[in-house]
Every structure is written in structure tokens, then in C-alpha cells.
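Participant: Following this line is structure23.tsv, made up of TSV, C-alpha atoms:
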```tsv
chain	number	residue	atom	x	y	z
A	72	ASN	CA	111.01	55.76	11.06
A	73	ARG	CA	110.05	56.97	7.58
A	74	LEU	CA	108.27	60.15	8.77
A	75	LEU	CA	111.25	61.23	10.87
A	76	ARG	CA	113.61	60.73	7.91
A	77	SER	CA	111.40	62.85	5.64
A	78	VAL	CA	111.28	65.68	8.20
A	79	ASP	CA	115.05	65.41	8.65
A	80	LEU	CA	115.64	65.73	4.90
A	81	VAL	CA	113.59	68.93	4.82
A	82	ARG	CA	115.52	70.25	7.84
A	83	LEU	CA	118.77	69.50	6.00
A	84	ALA	CA	117.55	71.31	2.87
A	85	THR	CA	116.37	74.26	4.96
A	86	GLN	CA	119.78	74.60	6.65
A	87	LEU	CA	121.66	74.32	3.36
A	88	SER	CA	119.36	76.91	1.76
A	89	TYR	CA	119.95	79.26	4.68
A	90	ASP	CA	123.73	78.76	4.42
A	91	VAL	CA	123.66	79.45	0.67
A	92	GLN	CA	121.93	82.76	1.37
A	93	GLN	CA	124.49	83.54	4.10
A	94	CYS	CA	127.30	82.97	1.58
A	95	ARG	CA	125.63	85.30	-0.88
A	96	LEU	CA	125.20	87.99	1.78
A	97	TRP	CA	128.80	87.58	3.01
A	98	ALA	CA	130.10	87.94	-0.56
A	99	LEU	CA	128.10	91.16	-1.02
A	100	THR	CA	128.96	92.77	2.30
A	101	GLU	CA	132.63	91.72	2.46
A	102	HIS	CA	133.30	92.34	-1.27
A	103	ARG	CA	135.04	89.01	-1.75
A	104	ASN	CA	134.38	85.57	-3.18
A	105	VAL	CA	132.77	83.16	-0.74
A	106	GLY	CA	131.81	79.53	-1.20
A	107	LEU	CA	130.44	76.37	0.32
A	108	ILE	CA	132.92	73.53	0.02
A	109	PHE	CA	131.55	69.97	0.19
A	110	SER	CA	133.86	67.24	1.41
A	111	THR	CA	134.15	64.13	3.53
A	112	GLU	CA	135.86	63.35	6.78
A	113	GLY	CA	136.17	59.60	6.89
A	114	SER	CA	132.80	58.48	5.54
A	115	ARG	CA	130.91	61.55	6.84
A	116	TRP	CA	129.89	64.28	4.38
A	117	PHE	CA	130.04	67.92	5.46
A	118	TYR	CA	130.06	71.38	3.96
A	119	CYS	CA	131.53	74.60	5.26
A	120	MET	CA	131.53	78.26	4.28
A	121	VAL	CA	134.91	79.52	3.07
A	122	GLU	CA	136.09	83.00	2.08
A	123	ASP	CA	138.73	83.85	-0.51
A	124	ARG	CA	141.75	85.40	1.17
A	125	ASP	CA	144.15	85.85	-1.76
A	126	GLY	CA	141.94	87.39	-4.45
A	127	ASP	CA	141.91	84.46	-6.87
A	128	GLY	CA	138.49	83.02	-5.94
A	129	VAL	CA	137.61	80.26	-3.51
A	130	SER	CA	139.42	77.03	-4.30
A	131	ARG	CA	139.65	73.63	-2.66
A	132	ARG	CA	143.45	73.73	-2.96
A	133	ASP	CA	143.68	77.09	-1.16
A	134	TYR	CA	141.24	75.88	1.51
A	135	LEU	CA	143.30	72.74	2.17
A	136	ARG	CA	146.50	74.84	2.33
A	137	GLY	CA	144.87	77.28	4.79
A	138	VAL	CA	144.95	80.23	2.37
A	139	ASP	CA	141.16	80.43	1.97
A	140	ARG	CA	139.69	80.13	5.43
A	141	GLY	CA	136.51	78.69	6.86
A	142	VAL	CA	134.17	81.29	8.33
A	143	GLY	CA	131.80	78.91	10.03
A	144	PRO	CA	131.57	75.40	11.41
A	145	ARG	CA	131.59	72.24	9.38
A	146	MET	CA	127.98	71.21	8.85
A	147	PHE	CA	127.86	67.42	8.93
A	148	ILE	CA	125.05	66.00	6.79
A	149	ASP	CA	124.32	63.09	9.14
A	150	ALA	CA	123.97	65.50	12.08
A	151	LEU	CA	121.39	67.56	10.18
A	152	SER	CA	119.44	64.54	8.93
A	153	ILE	CA	119.66	61.07	10.46
A	154	GLY	CA	120.41	58.51	7.78
A	155	ALA	CA	120.77	61.08	5.00
A	156	ARG	CA	123.22	60.39	2.23
A	157	VAL	CA	124.70	62.67	-0.38
A	158	GLY	CA	124.07	61.29	-3.82
A	159	ILE	CA	121.77	59.55	-6.19
A	160	PRO	CA	121.11	55.92	-5.26
A	161	ALA	CA	120.81	53.03	-7.71
A	162	TRP	CA	117.05	53.62	-8.00
A	163	LYS	CA	115.53	54.78	-11.27
A	164	VAL	CA	115.27	58.49	-10.42
A	165	PRO	CA	113.91	61.01	-12.96
A	166	ASP	CA	115.96	64.10	-13.73
A	167	PRO	CA	114.22	67.16	-12.19
A	168	SER	CA	114.62	68.91	-15.55
A	169	GLY	CA	112.61	66.16	-17.26
A	170	ASP	CA	115.56	64.98	-19.37
A	171	GLY	CA	115.39	61.24	-18.69
A	172	PHE	CA	116.82	59.58	-15.59
A	173	LEU	CA	119.69	60.45	-13.27
A	174	ALA	CA	122.60	58.07	-13.09
A	175	PRO	CA	123.91	56.98	-9.67
A	176	SER	CA	126.73	59.33	-8.75
A	177	GLU	CA	128.14	61.36	-5.89
A	178	GLY	CA	125.17	63.68	-6.13
A	179	LEU	CA	126.99	66.96	-6.52
A	180	LYS	CA	126.43	68.76	-9.80
A	181	ILE	CA	128.72	71.67	-9.03
A	182	GLY	CA	131.86	70.97	-11.02
A	183	ASP	CA	135.01	69.06	-10.21
A	184	ALA	CA	135.90	71.24	-7.21
A	185	ALA	CA	132.70	70.31	-5.29
A	186	LEU	CA	132.06	73.86	-4.20
A	187	VAL	CA	129.37	76.47	-4.70
A	188	SER	CA	131.05	79.82	-5.22
A	189	PHE	CA	129.62	83.33	-4.92
A	190	SER	CA	131.34	86.34	-6.45
A	191	GLU	CA	131.40	89.72	-4.74
A	192	ARG	CA	128.45	90.62	-7.03
A	193	ALA	CA	126.55	87.67	-5.46
A	194	THR	CA	126.37	85.56	-8.63
A	195	ALA	CA	126.67	81.85	-7.91
A	196	THR	CA	127.95	78.71	-9.53
A	197	PRO	CA	124.74	77.02	-10.80
A	198	SER	CA	124.56	73.90	-8.65
A	199	SER	CA	122.46	70.91	-7.62
A	200	VAL	CA	123.09	68.89	-4.47
A	201	TYR	CA	121.18	65.60	-4.13
A	202	PHE	CA	120.32	63.87	-0.86
A	203	ASN	CA	118.50	60.58	-0.24
A	204	ASP	CA	117.18	58.84	2.85
A	205	GLY	CA	118.40	55.39	1.85
A	206	ASP	CA	114.82	54.16	1.57
A	207	ALA	CA	112.50	55.90	-0.90
A	208	ARG	CA	112.91	59.68	-0.74
A	209	MET	CA	115.20	62.22	-2.31
A	210	LEU	CA	115.69	65.96	-2.12
A	211	VAL	CA	117.66	68.23	-4.39
A	212	VAL	CA	118.77	71.74	-3.47
A	213	ARG	CA	119.19	73.72	-6.70
A	214	ILE	CA	121.08	77.01	-6.75
A	215	ALA	CA	120.64	79.29	-9.75
A	216	GLY	CA	123.38	81.60	-11.05
A	217	PHE	CA	121.79	84.64	-9.38
A	218	GLY	CA	121.55	82.84	-6.03
A	219	ARG	CA	117.91	81.71	-6.02
A	220	VAL	CA	117.48	78.43	-4.13
A	221	ARG	CA	114.81	75.85	-4.94
A	222	VAL	CA	114.24	72.60	-3.09
A	223	LEU	CA	112.52	69.70	-4.82
A	224	GLN	CA	111.53	66.33	-3.42
A	225	TRP	CA	110.84	62.99	-5.05
A	226	GLN	CA	109.95	59.57	-3.79
A	227	ARG	CA	109.59	56.18	-5.40
A	228	GLY	CA	106.36	55.92	-7.34
A	229	TRP	CA	106.21	59.63	-8.23
A	230	ARG	CA	106.51	60.56	-11.89
A	231	GLU	CA	108.07	63.95	-11.21
A	232	TRP	CA	109.73	66.07	-8.59
A	233	ARG	CA	107.66	68.43	-6.42
A	234	GLU	CA	108.75	71.77	-5.01
A	235	VAL	CA	109.15	72.06	-1.25
A	236	LYS	CA	108.24	75.40	0.29
A	237	LEU	CA	110.63	76.20	3.12
```
Now that the file is in, can you turn its structure into C-alpha cells?

Facilitator:
Amino acid sequence: NRLLRSVDLVRLATQLSYDVQQCRLWALTEHRNVGLIFSTEGSRWFYCMVEDRDGDGVSRRDYLRGVDRGVGPRMFIDALSIGARVGIPAWKVPDPSGDGFLAPSEGLKIGDAALVSFSERATATPSSVYFNDGDARMLVVRIAGFGRVRVLQWQRGWREWREVKL
């Protein structure tokens, strides 16, 4: 059902936005680097909040070795939004910045480590995470360097992205 998928995408974006703000708050109150690491288990995408335990920043390598530890559950994308996919599909999707079209990709514009990191001063890795419903809709959660979160939606036939108020 198309309506259910669109509501689910917004629920997914709302949860991710909330978790980004929780990371920022944790970094401030605990005086340590905190991040959201995006990964897959089998074919299922998830993210989880991780705190730096050795003073060198959150890293995927340290997380996998158990040095940086998860401080919350794994949040599986398909559990938050039925049928949601991480990434940009093969559709002709405009760039939210207005700079042409996005190329199909994994959908994470957050560097090679696939993590959003917050310093103890609450500054963030500027990031964009793209989700699609496999049919006609997309959402992007954009995180600015100072931690502001914006959610934009787009669907086939639209010329530009529109902001979603959460």
C-alpha cells in the first residue's frame, strides 16, 4: 500500500532524527565522541549508536573489535519502515542541493566509514542518508555540521525536494 509506505518512511526519518539528537546530547553530557554507525547484517540495513572508548574518535574498526561499544540497540531499517531501502534507486532523482541528478549508489553520503560522528563539543560529520520505498518516493535525512537535522522528501514527477516537518 503506497500510503502506508509513505507514512513508514516518515516514521523512519523521525526515528533517525531523534537518534541523531540523542547522539549529540550523549556526546555533550558524557564528554566523548559518539556516532551512528550504518551497516548491514545479511541483506538488512541497520544503524546503532556507538561511543568512543579509547579517546581516538568513533571508528568502524574499533567498533568491530569491541573497543568502541554500542550504547543502544541496532535499529533495523526494514523494521522501522516496511519495504524501505537505503540508497538512491536507478530513477532520475534530482540532487536536493539543485546540482543536477543523483547517481544510483549506496545512499550514504557520510564518508568511507559510513558513520555520523559527534565530537564532545556536539559538532557532527555533515551527512546525508537516502531512503526509498522501492516504488516512487524518497526521503533524505541531512545532518549539518552543528547537528541540525532536516528531512526532505521527493517523489517521481516532482521537480524538487520538499521539507518534511517532523

Participant: Kindly compute an axis-aligned box around the listed atoms of segment 177-196 of chain A, allowing 8 Å on each side, and express its centre and edge lengths in Å to one decimal as lines of an AutoDock Vina configuration file.

Facilitator:
```
center_x = 130.5
center_y = 76.0
center_z = -7.6
size_x = 26.7
size_y = 45.3
size_z = 22.8
```

Participant: Give me the residues within 6 Å of Leu223 of chain A as a PyMOL selection string, counting only C-alpha atoms and dropping any in the same chain fewer than 3 places off.

Facilitator: chain A and resi 210-211+232-235

Participant: Could you state the separation of atom CA of Val142 of chain A and atom CA of Lys236 of chain A in Å, given to one decimal place?

Facilitator: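 Atom CA of Lys236 of chain A lies 27.8 Å from atom CA of Val142 of chain A.
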
Participant: Please write as a list in words the list of polymer residues whose atoms come within 12 Å of (140.6, 85.6, -5.4), counting all atoms listed in the file and keeping to the coordinates of the file.

Facilitator: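 With a cut-off of 12 Å, the residues come to Ala98, His102, Arg103, Asn104, Val105, Gly106, Val121, Glu122, Asp123, Arg124, Asp125, Gly126, Asp127, Gly128, Val129, Ser130, Asp133, Tyr134, Val138, Asp139, Ser188, Phe189, Ser190 and Glu191 of chain A.
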
Participant: Which residues, written as a PyMOL selection string, have at least one atom at most 12 Å from segment 118-120 of chain A, with all atoms listed in the file counted and residues fewer than 3 positions away on the same chain left out?

Facilitator: chain A and resi 83+86-87+89-98+104-112+115+123+129-131+134+139-151+157+179+185-189+200

Participant: What is the distance, in Å and to one decimal place, between atom CA of Phe172 of chain A and atom CA of Gly154 of chain A?

Facilitator: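 Computed distance, atom CA of Phe172 of chain A to atom CA of Gly154 of chain A, equals 23.7 Å.
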
Participant: With a distance cut-off of 6 Å and all atoms listed in the file, select the neighbouring residues of Ala155 of chain A, excluding the residue or stretch itself and same-chain residues fewer than 2 positions from it, and output the selection as a PyMOL selection string.

Facilitator: chain A and resi 149+152-153+203-204

Participant: Report, in Å with one decimal, the straight-line distance from atom CA of Thr85 of chain A to atom CA of Phe217 of chain A.

Facilitator: 18.5 Å

Participant: Counting only C-alpha atoms, which residue out of A:Thr196, A:Gln224, A:Ser114, A:Thr100 sits closest to Ala184 of chain A?

Facilitator: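 Smallest separation from Ala184 of chain A among the options: A:Thr196.
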